[in-house]
Amino acid sequence: MKAVVYQGPYEVAVSDVEDPRIQDPQDVLVKISTTCICGSDLHMYEGRTDAEPGIVFGHENMGVIEEVGSGVTSLRRGQRVVMPFNVACGFCRNCRAGKTAFCEVVNPGFAGGAYGYVSMGPYTGGQAEYLRVPFADFNCVPLPEGSEHESDFALLADIFPTGYHATELAGVRPGETVAVYGAGPVGLMAAYSALLKGARQVFVVDKVADRLQLAERIGATPIDFSRGDPAEQITDALGDSGTDRGIDAVGYQATAAEGEEQPAIVLNQLVDTVRPTGGIGTVGLYLPSDPGAPNENAAQGLLLFDIGRFFERGLRMGTGQADAKAYAHQLRDLIIAGRAEPSFVVSQQVPLSEAPDAYARFDKREPGYSKVLLHPNA
Ligand code: NAD
Ligand code: ZN
Ligand code: ZN
């Protein structure tokens, strides 16, 4: 079958790879209808990780079940499903508690598993014609038949639940004010989720004009960090000591404001943006500060975090991979009920063959490239 295969830094190819097959009675094979390119794929694409050439990318997958293992009880051939990016067993201590991003069974010795992601287990990615899904009864989320809401449902695999998770980590409640750093797909979904939860005002910080416009379109207040310190802009606009909640949807890849040389440390800006005793949710990725690791920014981001200021303001912070599986059913039901339409973030829908070009453009944050969906079997 055809799949998006990593070749080396800044290069992917659509090549023939071995067809996946049922390996365990609890597996299903899914014929992929939609699979998305994610900001997290770019960490591998840019050569910032240990990903070896040959790995098939793709952790945001949906499609129709093609083959069902003999031990699968709740799914049938022909069923339309989406797979939240966490590969999880469903029965370990963390899965039982809804912490499916930290499954102790699928990827022993490391926190959690994912499709097509380096160090997150042996699971091949779904930017391909077919995908093997282990522990399928747990990892497939059933969808209504047909093709309605395809782009909305595809976002249940990662960015919609991840944005929602950010609001849970921060503790967003109705009537509150929220600041989201980063208007990438994840930040936009966090802002959208905060608004769904009844936040009174949501600020979204970025410098990319068309991403800020998307934020404004959903009812958030855009803040361009190239026009001055974003924490000051937000506290001035609020006339208060800060927002109730803050979200980091940038991570270690923060970029500098126009005219500045060094990027700001987003976590410190959040500490200055959120009022004393408020909450912060960090879903932007930070890599462990291993001296041998290829990315120096990660270490920088960690070492320059001002724990003293964080302490002084009595803040709380939650971090980590999102338990996408934990929210996927409830967010699916909001989409079905017409109460959520996360696909406002989708900018391109292309066949698998166009993946190399789409990766290059998305990586450059080209205007108009907010979220790319690939259709391998179109
Ligand atoms: P993205 O790179 O498209 O978006 C990041 C945005 O942040 C960009 O629009 C960029 O212009 C903006 N930005 C850069 N520097 C900034 C600064 N100093 N202040 C404010 N904004 C700034 O990526 P994305 O797909 O939206 O993902 C965001 C992060 O979330 C990535 O680190 C990704 O790996 C991570 N992620 C985490 C999870 C999880 O489960 N925790 C899941 C998906 C993605
Ligand atoms: Zn993703
Ligand atoms: Zn588990």
# chains A, B, ... in the order shown; residues from 1 in each chain; ligands from 1

$ residues_around --residues "region 226-236 of chain A" --least-positions-apart "4" --cutoff "10 Å" --atoms "only C-alpha atoms" --output "ChimeraX atom specification"
/A:178-179,181,203-208,221-222,240-243,256-260,264,266,268-275

$ write_last_selection --atoms "C-alpha atoms" --output "compact mmCIF listing (two decimals), in the first residue's frame"
# COMPACT_ATOMS: atom_id res chain seq x y z
CA VAL A 178 -8.58 32.57 29.53
CA ALA A 179 -5.35 33.35 27.67
CA TYR A 181 -0.58 31.22 23.75
CA PHE A 203 -7.41 35.91 24.41
CA VAL A 204 -5.32 34.16 21.75
CA VAL A 205 -1.65 35.16 21.33
CA ASP A 206 0.33 34.66 18.11
CA LYS A 207 2.00 36.76 15.43
CA VAL A 208 0.69 34.95 12.33
CA THR A 221 -9.70 38.39 21.23
CA PRO A 222 -6.52 38.25 19.10
CA ASP A 240 -7.28 43.19 36.17
CA SER A 241 -4.28 41.34 37.64
CA GLY A 242 -4.59 38.66 35.00
CA THR A 243 -6.77 36.00 33.42
CA ALA A 256 10.76 35.57 18.39
CA ALA A 257 8.59 38.64 17.90
CA GLU A 258 9.31 40.69 14.75
CA GLY A 259 12.45 42.71 15.39
CA GLU A 260 13.54 40.59 18.38
CA ALA A 264 10.30 34.75 24.80
CA VAL A 266 6.15 31.36 26.89
CA ASN A 268 7.11 32.77 32.04
CA GLN A 269 4.79 34.98 30.00
CA LEU A 270 1.89 32.79 31.12
CA VAL A 271 2.91 33.19 34.76
CA ASP A 272 2.70 36.98 34.21
CA THR A 273 -0.61 36.69 32.32
CA VAL A 274 -2.57 34.55 34.81
CA ARG A 275 -3.79 36.13 38.06

$ select_by_dssp --residues "region 174-356 of chain A" --states "strand (DSSP E or B)" --output "PyMOL selection string"
chain A and resi 177-181+201-206+221-224+243-248+274-282+316-319+348-351

$ closest_residue --among "A:Leu238, A:Cys95, A:Ile37, A:Met189" --to "ligand 3" --atoms "only C-alpha atoms and all ligand atoms"
A:Cys95

$ residues_near_ligand --ligand "ligand 1" --cutoff "7 Å" --atoms "only C-alpha atoms and all ligand atoms" --output "PyMOL selection string"
chain A and resi 38-40+158-159+162+181-187+205-208+211+225+249-257+263-266+283-285+320-322+365+370

$ select_by_dssp --residues "region 211-301 of chain A" --states "alpha helix (DSSP H)" --output "mmCIF file with C-alpha atoms, in the first residue's frame"
data_model
loop_
_atom_site.group_PDB
_atom_site.id
_atom_site.type_symbol
_atom_site.label_atom_id
_atom_site.label_comp_id
_atom_site.auth_asym_id
_atom_site.auth_seq_id
_atom_site.Cartn_x
_atom_site.Cartn_y
_atom_site.Cartn_z
ATOM 1 C CA ARG A 211 -4.209 32.363 12.495
ATOM 2 C CA LEU A 212 -5.173 35.351 14.657
ATOM 3 C CA GLN A 213 -8.038 36.029 12.250
ATOM 4 C CA LEU A 214 -9.327 32.479 12.790
ATOM 5 C CA ALA A 215 -9.225 33.127 16.541
ATOM 6 C CA GLU A 216 -11.245 36.287 16.070
ATOM 7 C CA ARG A 217 -13.734 34.433 13.873
ATOM 8 C CA PRO A 230 1.454 39.965 25.340
ATOM 9 C CA ALA A 231 1.023 39.679 29.137
ATOM 10 C CA GLU A 232 0.865 43.466 29.361
ATOM 11 C CA GLN A 233 -1.503 43.718 26.402
ATOM 12 C CA ILE A 234 -3.864 41.228 28.079
ATOM 13 C CA THR A 235 -3.767 42.643 31.614
ATOM 14 C CA ASP A 236 -4.235 46.166 30.175
ATOM 15 C CA ALA A 237 -7.254 45.019 28.157
ATOM 16 C CA LEU A 238 -8.728 43.248 31.199
ATOM 17 C CA VAL A 266 6.154 31.360 26.895
ATOM 18 C CA LEU A 267 5.754 29.665 30.296
ATOM 19 C CA ASN A 268 7.113 32.774 32.039
ATOM 20 C CA GLN A 269 4.790 34.983 29.997
ATOM 21 C CA LEU A 270 1.889 32.791 31.120
ATOM 22 C CA VAL A 271 2.913 33.193 34.757
ATOM 23 C CA ASP A 272 2.697 36.978 34.212
ATOM 24 C CA THR A 273 -0.612 36.692 32.321
ATOM 25 C CA GLU A 296 18.926 22.813 22.663
ATOM 26 C CA ASN A 297 15.748 24.903 22.816
ATOM 27 C CA ALA A 298 14.105 22.233 24.943
ATOM 28 C CA ALA A 299 16.765 22.516 27.595
ATOM 29 C CA GLN A 300 16.636 26.293 27.359
ATOM 30 C CA GLY A 301 12.874 26.374 27.854
#

$ atom_distance --atom1 "CA of Met120 (chain A)" --atom2 "CA of Val4 (chain A)"
17.8 Å

$ closest_residue --among "A:Val56, A:Val180, A:Val106, A:Leu143" --to "Met83 (chain A)" --atoms "only C-alpha atoms"
A:Leu143

$ closest_residue --among "A:Gly198, A:Leu155, A:Asp24, A:Thr35" --to "Pro351 (chain A)" --atoms "only C-alpha atoms"
A:Thr35
